[in-house]
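Next up, final.cif (mmCIF, C-alpha atoms):
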```cif
data_input
loop_
_atom_site.label_atom_id
_atom_site.label_comp_id
_atom_site.auth_asym_id
_atom_site.auth_seq_id
_atom_site.Cartn_x
_atom_site.Cartn_y
_atom_site.Cartn_z
CA MET A 205 1.83 -27.36 0.48
CA PRO A 206 0.56 -23.81 0.08
CA ASN A 207 -3.01 -23.21 -0.86
CA ILE A 208 -3.19 -21.52 -4.29
CA ARG A 209 -6.43 -19.71 -3.50
CA GLY A 210 -5.99 -19.31 0.25
CA THR A 211 -4.13 -16.83 2.35
CA LYS A 212 -0.91 -18.83 2.43
CA SER A 213 1.51 -18.52 -0.44
CA ASN A 214 5.08 -19.33 -1.35
CA ILE A 215 7.70 -16.68 -0.82
CA LEU A 216 9.74 -16.46 -4.00
CA THR A 217 13.39 -15.57 -4.17
CA PHE A 218 14.71 -12.88 -6.49
CA GLU A 219 15.92 -15.60 -8.90
CA GLN A 220 12.50 -17.30 -8.93
CA LYS A 221 10.81 -13.98 -9.66
CA LYS A 222 13.22 -13.34 -12.54
CA GLU A 223 12.45 -16.83 -13.87
CA MET A 224 8.72 -16.07 -13.59
CA VAL A 225 9.17 -12.87 -15.63
CA SER A 226 11.21 -14.84 -18.16
CA ASP A 227 8.44 -17.46 -18.44
CA PHE A 228 5.94 -14.67 -18.99
CA LEU A 229 7.99 -12.98 -21.71
CA ASP A 230 9.70 -15.89 -23.46
CA ASN A 231 7.16 -18.69 -23.05
CA HIS A 232 4.05 -16.48 -23.10
CA TYR A 233 2.67 -18.04 -19.91
CA SER A 234 -0.54 -16.51 -18.61
CA PHE A 235 -0.84 -15.13 -15.08
CA VAL A 236 -3.02 -18.12 -14.19
CA LYS A 237 -0.45 -20.62 -15.46
CA LEU A 238 2.34 -18.82 -13.60
CA SER A 239 0.32 -18.72 -10.38
CA LYS A 240 -0.14 -22.48 -10.54
CA LYS A 241 3.49 -23.15 -11.49
CA TYR A 242 4.94 -21.05 -8.66
CA LYS A 243 2.10 -21.76 -6.21
CA ILE A 244 1.34 -18.10 -5.56
CA SER A 245 -1.79 -16.04 -6.08
CA TYR A 246 -2.81 -14.58 -9.42
CA SER A 247 -2.59 -11.07 -7.94
CA ALA A 248 0.98 -11.69 -6.71
CA VAL A 249 2.01 -12.80 -10.21
CA ARG A 250 0.31 -9.80 -11.82
CA LYS A 251 1.86 -7.38 -9.30
CA ASN A 252 5.37 -8.78 -9.86
CA ILE A 253 5.07 -8.67 -13.66
CA LYS A 254 3.56 -5.17 -13.77
CA ASN A 255 6.12 -3.79 -11.31
CA TRP A 256 8.93 -5.37 -13.32
CA GLN A 257 7.61 -3.74 -16.51
CA ILE A 258 7.74 -0.34 -14.81
CA LEU A 259 10.85 -0.58 -12.61
CA GLY A 260 12.86 -3.52 -13.93
CA ASP A 261 14.76 -5.97 -11.74
CA GLU A 262 14.75 -3.57 -8.78
CA ALA A 263 11.01 -4.23 -8.36
CA LEU A 264 11.62 -7.96 -7.84
CA LYS A 265 13.85 -7.49 -4.80
CA SER A 266 12.33 -8.13 -1.41
CA LYS A 267 11.31 -5.00 0.43
CA THR A 268 10.49 -6.63 3.75
CA GLY A 269 12.56 -8.04 6.58
CA LYS A 270 15.44 -6.75 8.65
CA GLY A 271 18.11 -7.21 5.99
CA ASN A 272 16.17 -5.31 3.33
CA LYS A 273 15.46 -2.02 5.08
CA GLY A 274 16.86 0.15 2.29
CA ASN A 275 15.24 -1.64 -0.66
CA PHE A 276 11.82 0.00 -0.27
CA ASN A 277 13.37 3.46 0.02
CA LYS A 278 15.45 2.83 -3.12
CA LEU A 279 12.30 1.79 -4.97
CA ILE A 280 10.48 4.97 -3.93
CA GLU A 281 13.50 7.13 -4.85
CA ASN A 282 13.63 5.49 -8.31
CA LYS A 283 9.93 6.18 -8.86
CA ASN A 284 10.30 9.80 -7.75
CA ASN A 285 13.35 10.29 -9.97
CA GLU A 286 11.52 8.77 -12.94
CA ASN A 287 8.52 11.07 -12.33
CA HIS A 288 10.82 14.08 -12.12
CA LEU A 289 12.51 13.18 -15.42
CA LEU A 290 9.14 12.72 -17.11
CA LYS A 291 7.92 16.12 -15.89
CA GLU A 292 11.08 17.76 -17.20
CA GLU A 293 10.56 16.09 -20.58
CA ILE A 294 6.96 17.30 -20.71
CA LEU A 295 8.07 20.88 -20.01
CA LYS A 296 10.70 20.70 -22.76
CA LEU A 297 8.15 19.39 -25.24
CA ARG A 298 5.64 22.10 -24.32
CA ASN A 299 8.27 24.81 -24.78
CA ARG A 300 9.24 23.33 -28.12
CA LEU A 301 5.61 23.26 -29.19
CA LYS A 302 5.23 26.91 -28.19
CA GLU A 303 8.17 27.80 -30.45
CA VAL A 304 6.53 26.03 -33.38
CA ASP A 305 3.00 27.21 -32.64
CA PRO A 306 2.90 30.46 -30.61
CA GLU A 307 -0.88 30.19 -30.20
CA TYR A 308 -0.55 26.88 -28.32
CA SER A 309 -1.66 27.06 -24.69
CA TYR A 310 -1.65 24.40 -22.03
#
```

Rewrite the coordinates I just gave you, this time as structure tokens.
Amino acid sequence: MPNIRGTKSNILTFEQKKEMVSDFLDNHYSFVKLSKKYKISYSAVRKNIKNWQILGDEALKSKTGKGNKGNFNKLIENKNNENHLLKEEILKLRNRLKEVDPEYSY
């Protein structure tokens, strides 16, 4: 049995990670309760939940191992694309603000 506080931990499948996120959202489980339920560290639970909140289900897919070579690259591409879209939106909003208030400077 894995040690909850040690260096060994369970490796969760994609489905288990989705269930963990569901427990967090629907049942309002704390990170501590989830770490005990799934026998993984608190930090692993927190990382999975926070990444899911930012990137959705794509963040829960394994990014290690021979069969998953492309998953990490897809994750990075998604983050870069999201950052690009946000920067474009900021520029649009600044230009709009300049039209409304010509004295605005950034």

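Taking atom CA of Leu216 of chain A and atom CA of Glu281 of chain A as the two end points, the separation is 23.9 Å.
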
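In this model, the gap between atom CA of Thr217 of chain A and atom CA of Asn284 of chain A comes to 25.8 Å.
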
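For the set A:Lys237, A:Lys291, A:Lys265, A:Arg298, the residue with the smallest atom-to-atom gap to Val249 of chain A is A:Lys237, counting all atoms listed in the file.
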
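Closest to Ala248 of chain A among A:Leu289, A:Ile215, A:Leu301, A:Leu229 is A:Ile215, based on all atoms listed in the file.
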
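Straight-line separation from atom CA of Glu223 of chain A to atom CA of Ser247 of chain A: 17.2 Å.
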
- Contacts of Leu238 of chain A at 8 Å or less, counting all atoms listed in the file, minus same-chain residues fewer than 6 places along, as a PyMOL selection string? chain A and resi 224+227-228+246+249

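The shortest atom-to-atom distance to Asn287 of chain A, with only C-alpha atoms taken into account, belongs to A:Leu259 out of A:Leu259, A:Val236, A:Val304, A:Ile253.
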
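Among A:Glu303, A:Leu297, A:Ser245, A:Lys283, the residue with the shortest atom-to-atom distance to Glu262 of chain A, counting all atoms listed in the file, is A:Lys283.
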